[in-house]
$ cat coords11.txt   # compact mmCIF, C-alpha atoms
# COMPACT_ATOMS: atom_id res chain seq x y z
CA MET J 364 165.52 15.57 -14.68
CA ILE J 365 161.79 16.07 -15.20
CA LEU J 366 162.38 16.94 -18.84
CA THR J 367 164.46 13.78 -19.30
CA LEU J 368 161.74 11.61 -17.79
CA LEU J 369 159.16 13.31 -19.99
CA LEU J 370 161.21 12.64 -23.10
CA ILE J 371 161.70 9.00 -22.12
CA SER J 372 157.97 8.61 -21.52
CA ILE J 373 157.18 10.10 -24.91
CA LEU J 374 159.69 7.82 -26.61
CA LEU J 375 158.13 4.78 -24.93
CA ILE J 376 154.51 5.75 -25.46
CA PHE J 377 154.73 7.03 -29.01
CA PRO J 378 155.42 3.63 -30.68
CA VAL J 379 152.51 2.08 -28.78
CA VAL J 380 150.12 4.87 -29.79
CA ALA J 381 151.38 4.70 -33.37
CA ILE J 382 150.79 0.93 -33.60
CA ALA J 383 147.31 1.21 -32.06
CA GLY J 384 146.45 4.03 -34.41
CA TYR J 385 147.60 2.08 -37.44
CA GLN J 386 145.61 -0.99 -36.39
CA ASN J 387 142.47 1.12 -36.04
CA TYR J 388 143.15 2.79 -39.37
CA LYS J 389 143.33 -0.60 -41.09
CA ILE J 390 140.06 -1.76 -39.56
CA ASN J 391 138.24 1.48 -40.31
CA ASN J 392 139.18 1.03 -43.95
CA GLN J 393 137.73 -2.45 -44.11
CA PRO J 394 134.26 -2.90 -45.60
CA ILE J 395 131.32 -4.19 -43.58
CA TYR J 396 130.80 -7.95 -43.88
CA HIS J 397 128.94 -9.04 -47.01
CA PRO J 398 128.44 -12.83 -47.19
CA ASP J 399 128.07 -12.98 -50.97
CA THR J 400 131.45 -11.38 -51.67
CA MET J 401 133.46 -12.31 -48.56
CA LEU J 402 133.73 -16.08 -48.66
CA LEU J 403 135.78 -17.87 -46.04
CA ASN J 404 139.14 -19.36 -46.88
CA TYR J 405 139.06 -23.16 -46.61
CA GLU J 406 140.74 -26.36 -47.78
CA VAL J 407 139.43 -29.87 -48.39
CA PHE J 408 141.55 -32.95 -47.76
CA GLY J 409 141.01 -36.65 -48.27
CA PHE J 410 138.74 -38.85 -50.34
CA GLY J 411 137.11 -41.07 -47.72
CA GLU J 412 133.40 -41.81 -47.55
CA ARG J 413 133.01 -40.19 -44.16
CA LYS J 414 133.02 -36.40 -43.82
CA ILE J 415 134.19 -34.10 -41.07
CA VAL J 416 134.34 -30.33 -40.63
CA LEU J 417 136.92 -28.91 -38.21
CA LEU J 418 136.99 -25.37 -36.82
CA HIS J 419 139.96 -23.73 -35.08
CA GLY J 420 140.01 -21.71 -31.88
CA LEU J 421 140.56 -18.04 -31.06
CA THR J 422 143.46 -16.51 -33.07
CA GLY J 423 143.89 -19.84 -34.89
CA SER J 424 143.60 -20.86 -38.53
CA LEU J 425 142.93 -23.94 -40.65
CA ASN J 426 146.66 -24.75 -40.40
CA TYR J 427 146.01 -25.85 -36.82
CA TRP J 428 144.57 -29.11 -38.16
CA LYS J 429 147.33 -30.02 -40.61
CA ARG J 430 149.44 -31.86 -38.05
CA ASP J 431 149.42 -35.53 -39.12
CA ILE J 432 146.20 -34.93 -41.06
CA GLU J 433 147.17 -37.76 -43.41
CA ASN J 434 146.27 -40.10 -40.53
CA ILE J 435 142.60 -39.44 -41.20
CA SER J 436 142.53 -38.32 -44.83
CA LEU J 437 142.43 -41.88 -46.17
CA THR J 438 139.09 -42.57 -44.48
CA HIS J 439 137.56 -39.09 -44.34
CA ARG J 440 136.91 -36.08 -46.53
CA ILE J 441 137.94 -33.19 -44.30
CA LEU J 442 136.91 -29.55 -44.54
CA ILE J 443 139.09 -27.14 -42.56
CA VAL J 444 138.18 -23.46 -42.46
CA ASP J 445 139.65 -20.10 -41.51
CA LEU J 446 136.86 -18.53 -39.48
CA LEU J 447 135.77 -15.01 -40.35
CA GLY J 448 138.40 -12.56 -39.06
CA PHE J 449 141.19 -15.14 -38.80
CA GLY J 450 143.85 -16.76 -40.97
CA GLU J 451 143.40 -15.89 -44.64
CA SER J 452 139.65 -15.30 -44.40
CA PRO J 453 138.19 -11.79 -44.80
CA LYS J 454 138.52 -9.48 -41.82
CA PRO J 455 135.65 -7.02 -42.23
CA LYS J 456 134.60 -4.31 -39.86
CA GLY J 457 131.90 -5.73 -37.59
CA ASP J 458 130.88 -7.31 -34.30
CA TYR J 459 131.81 -10.94 -35.14
CA ALA J 460 128.66 -12.27 -33.51
CA LEU J 461 128.09 -16.02 -33.34
CA SER J 462 125.24 -15.74 -35.84
CA VAL J 463 127.59 -14.12 -38.37
CA GLN J 464 130.16 -16.89 -38.00
CA LEU J 465 127.46 -19.54 -38.46
CA TYR J 466 126.07 -17.92 -41.60
CA ALA J 467 129.53 -17.61 -43.16
CA LEU J 468 130.17 -21.30 -42.48
CA GLU J 469 126.81 -22.43 -43.84
CA ILE J 470 127.66 -20.96 -47.24
CA ILE J 471 130.85 -23.03 -47.48
CA LEU J 472 129.30 -26.23 -46.15
CA ASN J 473 126.49 -25.96 -48.68
CA GLU J 474 128.90 -25.31 -51.51
CA GLU J 475 131.13 -28.28 -50.67
CA GLY J 476 128.37 -30.75 -49.78
CA PHE J 477 129.10 -31.07 -46.07
CA ASN J 478 125.40 -30.75 -45.26
CA ASP J 479 124.21 -34.25 -46.17
CA GLY J 480 123.42 -35.54 -42.70
CA LYS J 481 126.45 -37.83 -42.76
CA THR J 482 128.99 -35.25 -41.62
CA ILE J 483 130.71 -34.86 -38.25
CA ILE J 484 131.00 -31.25 -37.10
CA GLY J 485 133.89 -30.54 -34.75
CA GLY J 486 136.21 -27.90 -33.42
CA HIS J 487 138.80 -26.86 -30.89
CA SER J 488 138.16 -24.34 -28.11
CA MET J 489 136.16 -21.46 -29.64
CA GLY J 490 135.75 -23.66 -32.71
CA ALA J 491 134.09 -26.26 -30.48
CA ILE J 492 131.57 -23.65 -29.30
CA ILE J 493 130.81 -22.65 -32.88
CA SER J 494 130.53 -26.33 -33.85
CA LEU J 495 128.04 -26.96 -31.07
CA ALA J 496 125.98 -23.95 -32.15
CA LEU J 497 126.03 -25.06 -35.79
CA LEU J 498 124.94 -28.56 -34.78
CA GLU J 499 121.99 -27.01 -32.98
CA LYS J 500 121.12 -24.69 -35.85
CA GLN J 501 121.40 -27.35 -38.58
CA PRO J 502 120.84 -30.71 -36.84
CA LYS J 503 119.89 -32.46 -40.10
CA TRP J 504 123.25 -31.59 -41.65
CA PHE J 505 125.33 -33.53 -39.13
CA ASN J 506 125.15 -36.94 -37.52
CA LYS J 507 127.67 -36.33 -34.73
CA GLY J 508 129.63 -33.60 -32.97
CA VAL J 509 133.22 -33.61 -31.71
CA PHE J 510 134.26 -30.93 -29.23
CA ILE J 511 137.95 -30.62 -28.33
CA SER J 512 138.97 -28.52 -25.30
CA ILE J 513 135.60 -26.76 -25.26
CA PRO J 514 135.68 -23.73 -22.92
CA VAL J 515 132.67 -23.68 -20.60
CA TYR J 516 132.30 -20.79 -18.17
CA GLN J 517 129.48 -19.75 -15.88
CA ASP J 518 130.15 -16.12 -16.77
CA ALA J 519 132.91 -13.62 -17.55
CA LYS J 520 133.74 -13.40 -13.85
CA GLU J 521 134.67 -17.09 -13.73
CA PHE J 522 136.70 -16.73 -16.93
CA ASN J 523 138.65 -13.76 -15.55
CA LYS J 524 139.32 -15.63 -12.32
CA ILE J 525 140.70 -18.60 -14.25
CA MET J 526 142.86 -16.43 -16.51
CA SER J 527 144.21 -14.47 -13.53
CA THR J 528 146.37 -17.48 -12.69
CA HIS J 529 148.04 -17.51 -16.12
CA SER J 530 150.89 -15.55 -17.66
CA PHE J 531 151.00 -11.77 -17.66
CA VAL J 532 150.13 -11.63 -21.36
CA ASN J 533 147.13 -13.94 -20.85
CA LYS J 534 145.96 -11.87 -17.91
CA ILE J 535 145.94 -8.54 -19.69
CA SER J 536 144.74 -9.91 -23.04
CA THR J 537 141.60 -11.32 -21.40
CA SER J 538 140.92 -8.48 -18.96
CA TRP J 539 139.00 -5.23 -19.52
CA LEU J 540 142.16 -4.08 -21.28
CA SER J 541 141.83 -6.76 -23.96
CA LYS J 542 140.47 -4.40 -26.61
CA TYR J 543 143.41 -2.05 -26.20
CA ILE J 544 145.99 -4.81 -25.87
CA CYS J 545 144.70 -6.31 -29.09
CA MET J 546 145.21 -2.97 -30.83
CA ILE J 547 148.92 -3.32 -30.11
CA HIS J 548 149.07 -7.12 -30.48
CA PRO J 549 152.04 -6.95 -32.91
CA ILE J 550 154.15 -6.04 -29.86
CA PHE J 551 153.17 -9.26 -28.14
CA MET J 552 153.39 -11.48 -31.21
CA THR J 553 157.17 -11.74 -31.06
CA ARG J 554 159.24 -14.80 -30.23
CA ALA J 555 159.81 -13.54 -26.69
CA PHE J 556 156.08 -13.96 -25.96
CA LYS J 557 155.53 -17.23 -27.85
CA PRO J 558 153.77 -19.82 -25.61
CA ASP J 559 155.64 -23.11 -25.32
CA ASN J 560 152.56 -25.15 -26.29
CA LEU J 561 152.14 -23.52 -29.72
CA THR J 562 153.94 -24.70 -32.84
CA GLU J 563 155.72 -22.18 -35.06
CA ASN J 564 153.09 -22.12 -37.82
CA VAL J 565 150.19 -21.81 -35.36
CA PHE J 566 151.95 -18.92 -33.63
CA GLU J 567 152.63 -17.19 -36.95
CA ASP J 568 148.97 -17.50 -37.96
CA ALA J 569 147.93 -15.98 -34.64
CA LYS J 570 149.35 -12.69 -35.90
CA LYS J 571 146.75 -12.41 -38.66
CA HIS J 572 143.67 -11.34 -36.70
CA HIS J 573 142.80 -7.78 -35.68
CA TRP J 574 141.40 -6.34 -32.47
CA GLN J 575 137.74 -6.58 -33.54
CA SER J 576 137.90 -10.22 -34.59
CA TYR J 577 139.67 -11.10 -31.33
CA TYR J 578 137.77 -8.89 -28.90
CA TYR J 579 134.27 -9.61 -30.19
CA SER J 580 134.93 -13.31 -30.72
CA LEU J 581 136.13 -13.60 -27.14
CA ASN J 582 133.19 -11.72 -25.70
CA GLU J 583 130.33 -12.55 -28.07
CA VAL J 584 131.19 -16.17 -28.88
CA ILE J 585 133.17 -17.56 -25.96
CA LEU J 586 131.79 -15.62 -23.01
CA ASN J 587 128.23 -14.76 -24.06
CA THR J 588 127.11 -18.03 -25.66
CA ASP J 589 124.72 -20.03 -23.48
CA LEU J 590 126.10 -23.51 -24.12
CA TYR J 591 123.60 -25.22 -21.84
CA THR J 592 120.60 -23.81 -23.68
CA ILE J 593 122.10 -24.89 -27.01
CA ALA J 594 122.93 -28.37 -25.70
CA LYS J 595 119.42 -28.93 -24.38
CA GLN J 596 118.00 -28.36 -27.87
CA ILE J 597 120.10 -31.24 -29.27
CA LYS J 598 120.51 -33.37 -26.17
CA ASP J 599 119.85 -36.62 -28.06
CA LYS J 600 122.59 -36.04 -30.65
CA GLU J 601 125.69 -38.22 -30.52
CA VAL J 602 128.59 -36.13 -29.26
CA LEU J 603 132.20 -36.71 -28.29
CA PHE J 604 134.19 -34.53 -25.91
CA ILE J 605 137.99 -34.77 -26.10
CA HIS J 606 139.78 -32.92 -23.33
CA GLY J 607 143.13 -32.60 -21.60
CA LYS J 608 143.10 -33.29 -17.88
CA GLU J 609 145.71 -30.55 -17.35
CA ASP J 610 143.73 -27.93 -19.25
CA THR J 611 143.80 -24.85 -17.03
CA ILE J 612 142.13 -22.56 -19.58
CA ALA J 613 139.03 -24.71 -20.12
CA PRO J 614 138.68 -26.72 -16.89
CA ILE J 615 137.68 -30.33 -17.49
CA LYS J 616 135.10 -30.28 -14.68
CA ASN J 617 133.10 -27.65 -16.58
CA MET J 618 133.16 -29.76 -19.73
CA ILE J 619 131.95 -32.82 -17.82
CA LYS J 620 129.02 -30.85 -16.42
CA LEU J 621 128.03 -29.72 -19.93
CA SER J 622 128.33 -33.27 -21.30
CA GLU J 623 125.77 -34.45 -18.75
CA VAL J 624 123.08 -32.52 -20.66
CA PHE J 625 123.42 -35.02 -23.52
CA THR J 626 121.88 -38.48 -23.46
CA ASN J 627 124.49 -39.91 -25.82
CA ALA J 628 127.79 -38.27 -24.90
CA ARG J 629 131.21 -39.86 -24.81
CA ILE J 630 134.29 -38.40 -23.11
CA VAL J 631 137.91 -39.21 -24.00
CA THR J 632 140.73 -37.54 -22.08
CA SER J 633 144.44 -36.97 -22.46
CA SER J 634 146.05 -37.60 -19.08
CA LYS J 635 148.67 -34.84 -19.31
CA GLY J 636 147.15 -32.71 -22.06
CA ASP J 637 146.75 -28.95 -21.73
CA HIS J 638 144.48 -26.69 -23.77
CA GLN J 639 146.59 -27.20 -26.91
CA PHE J 640 147.26 -30.91 -26.46
CA PHE J 641 146.26 -31.65 -30.07
CA LEU J 642 149.53 -30.07 -31.22
CA LYS J 643 151.46 -32.70 -29.26
CA GLU J 644 149.02 -35.60 -29.54
CA ALA J 645 147.54 -35.24 -33.00
CA ASP J 646 147.70 -38.98 -33.64
CA PHE J 647 145.76 -39.64 -30.43
CA VAL J 648 143.03 -37.20 -31.48
CA TRP J 649 142.81 -38.52 -35.05
CA GLN J 650 142.59 -42.10 -33.81
CA THR J 651 139.91 -41.15 -31.31
CA ILE J 652 137.86 -39.50 -34.05
CA GLN J 653 138.43 -42.49 -36.35
CA ASN J 654 137.11 -44.90 -33.75
CA TYR J 655 134.17 -42.64 -32.96
CA SER J 656 133.12 -42.11 -36.55
CA ILE J 657 132.74 -45.82 -37.32
CA THR J 658 130.60 -46.69 -34.28

$ encode --input "coords11.txt" --output "structure tokens"
Amino acid sequence: MILTLLLISILLIFPVVAIAGYQNYKINNQPIYHPDTMLLNYEVFGFGERKIVLLHGLTGSLNYWKRDIENISLTHRILIVDLLGFGESPKPKGDYALSVQLYALEIILNEEGFNDGKTIIGGHSMGAIISLALLEKQPKWFNKGVFISIPVYQDAKEFNKIMSTHSFVNKISTSWLSKYICMIHPIFMTRAFKPDNLTENVFEDAKKHHWQSYYYSLNEVILNTDLYTIAKQIKDKEVLFIHGKEDTIAPIKNMIKLSEVFTNARIVTSSKGDHQFFLKEADFVWQTIQNYSIT
């Protein structure tokens, strides 16, 4: 009986160890980030006079923004980017610090002319945090900021408390086990674990990161960025917060408190929207941005 249980345990554990080992092997064989040779993957849409840059959230990709993008492409030139470590962008070995993400983006924005002072910088979730930081670092490049479902937490303790009320996968993937869970993320990136609020292409793209790009982005960008200090440096900038009232990942009350730092902030809400409400209400978001960009 003991031998049978031991064999069963080995059969169950071995695939997990093998997957984790292979994931680490892949990362260890990646080069260290070099900005001159590891350019981000990006696409440009539209021919309008106005410009906007949009950044996706954790595990996302530029494909996140393609839903009904034609609704805004007639009036805007749109730059959508795969952040470093996600989508089709390079996935080097490294710590994925906020400063690294900003530098990688600056290269692309310079190259494509989205640094002329007439550009809106925006993003969803983690992308909203990076957008806010880029607005602070290069205030002369952008005239406005748009932050969709921005996650604002007092500290990691508050974040863990919030995530403890979510699904089992969300709980363990954001706990102290997150690094190890991410090493075996292929197990959890199957249809059985697909969240209802993600579209098929967004879910498929979520499989393309590795444990370093996830783990360090979560901890270094989302949890360790002092959003209030950043906001105070650009408090007179025009900014728009778009948020779902039913967002249980990034509570709306935290966003409202952050918005109060700004002297020229506008808030638009989706009454039943969750953290991924853009995927269901893309037209609402595009129209909101349209109206905001012409005022």

$ closest_atom_pairs --input "coords11.txt" --of "range 385-431 of chain J" --to "range 441-464 of chain J" --cutoff "8 Å" --atoms "all atoms listed in the file" --output "CSV"
residue,atom,partner,partner_atom,distance
J:Ile390,CA,J:Lys456,CA,6.0
J:Asn391,CA,J:Lys456,CA,6.9
J:Gln393,CA,J:Pro455,CA,5.4
J:Pro394,CA,J:Pro455,CA,5.5
J:Ile395,CA,J:Lys456,CA,5.0
J:Tyr396,CA,J:Pro455,CA,5.2
J:Met401,CA,J:Pro453,CA,6.1
J:Leu402,CA,J:Pro453,CA,7.3
J:Leu403,CA,J:Ser452,CA,4.9
J:Asn404,CA,J:Ser452,CA,4.8
J:Tyr405,CA,J:Val444,CA,4.3
J:Glu406,CA,J:Ile443,CA,5.5
J:Val407,CA,J:Leu442,CA,4.6
J:Phe408,CA,J:Ile441,CA,5.0
J:Gly409,CA,J:Ile441,CA,6.1
J:Lys414,CA,J:Ile441,CA,5.9
J:Ile415,CA,J:Ile441,CA,5.0
J:Val416,CA,J:Leu442,CA,4.7
J:Leu417,CA,J:Ile443,CA,5.2
J:Leu418,CA,J:Val444,CA,6.1
J:His419,CA,J:Asp445,CA,7.4
J:Thr422,CA,J:Phe449,CA,6.3
J:Gly423,CA,J:Phe449,CA,6.7
J:Ser424,CA,J:Gly450,CA,4.8
J:Leu425,CA,J:Val444,CA,5.1
J:Trp428,CA,J:Ile443,CA,7.3

$ write_last_selection --input "coords11.txt" --atoms "C-alpha atoms" --output "PDB file, in the frame of the given file"
ATOM      1  CA  ILE J 390     140.060  -1.760 -39.560  1.00  0.00           C
ATOM      2  CA  ASN J 391     138.240   1.480 -40.310  1.00  0.00           C
ATOM      3  CA  GLN J 393     137.730  -2.450 -44.110  1.00  0.00           C
ATOM      4  CA  PRO J 394     134.260  -2.900 -45.600  1.00  0.00           C
ATOM      5  CA  ILE J 395     131.320  -4.190 -43.580  1.00  0.00           C
ATOM      6  CA  TYR J 396     130.800  -7.950 -43.880  1.00  0.00           C
ATOM      7  CA  MET J 401     133.460 -12.310 -48.560  1.00  0.00           C
ATOM      8  CA  LEU J 402     133.730 -16.080 -48.660  1.00  0.00           C
ATOM      9  CA  LEU J 403     135.780 -17.870 -46.040  1.00  0.00           C
ATOM     10  CA  ASN J 404     139.140 -19.360 -46.880  1.00  0.00           C
ATOM     11  CA  TYR J 405     139.060 -23.160 -46.610  1.00  0.00           C
ATOM     12  CA  GLU J 406     140.740 -26.360 -47.780  1.00  0.00           C
ATOM     13  CA  VAL J 407     139.430 -29.870 -48.390  1.00  0.00           C
ATOM     14  CA  PHE J 408     141.550 -32.950 -47.760  1.00  0.00           C
ATOM     15  CA  GLY J 409     141.010 -36.650 -48.270  1.00  0.00           C
ATOM     16  CA  LYS J 414     133.020 -36.400 -43.820  1.00  0.00           C
ATOM     17  CA  ILE J 415     134.190 -34.100 -41.070  1.00  0.00           C
ATOM     18  CA  VAL J 416     134.340 -30.330 -40.630  1.00  0.00           C
ATOM     19  CA  LEU J 417     136.920 -28.910 -38.210  1.00  0.00           C
ATOM     20  CA  LEU J 418     136.990 -25.370 -36.820  1.00  0.00           C
ATOM     21  CA  HIS J 419     139.960 -23.730 -35.080  1.00  0.00           C
ATOM     22  CA  THR J 422     143.460 -16.510 -33.070  1.00  0.00           C
ATOM     23  CA  GLY J 423     143.890 -19.840 -34.890  1.00  0.00           C
ATOM     24  CA  SER J 424     143.600 -20.860 -38.530  1.00  0.00           C
ATOM     25  CA  LEU J 425     142.930 -23.940 -40.650  1.00  0.00           C
ATOM     26  CA  TRP J 428     144.570 -29.110 -38.160  1.00  0.00           C
TER      27      TRP J 428
END

$ closest_residue --input "coords11.txt" --among "J:Gly476, J:Pro398, J:Gly490, J:Gly508" --to "Ile597 in chain J" --atoms "all atoms listed in the file"
J:Gly508

$ closest_residue --input "coords11.txt" --among "J:Asp646, J:Glu609, J:Glu623, J:Glu583" --to "Met489 in chain J" --atoms "all atoms listed in the file"
J:Glu583

$ closest_residue --input "coords11.txt" --among "J:Ile511, J:Val584, J:Phe522, J:Asn434" --to "Leu465 in chain J" --atoms "only C-alpha atoms"
J:Val584
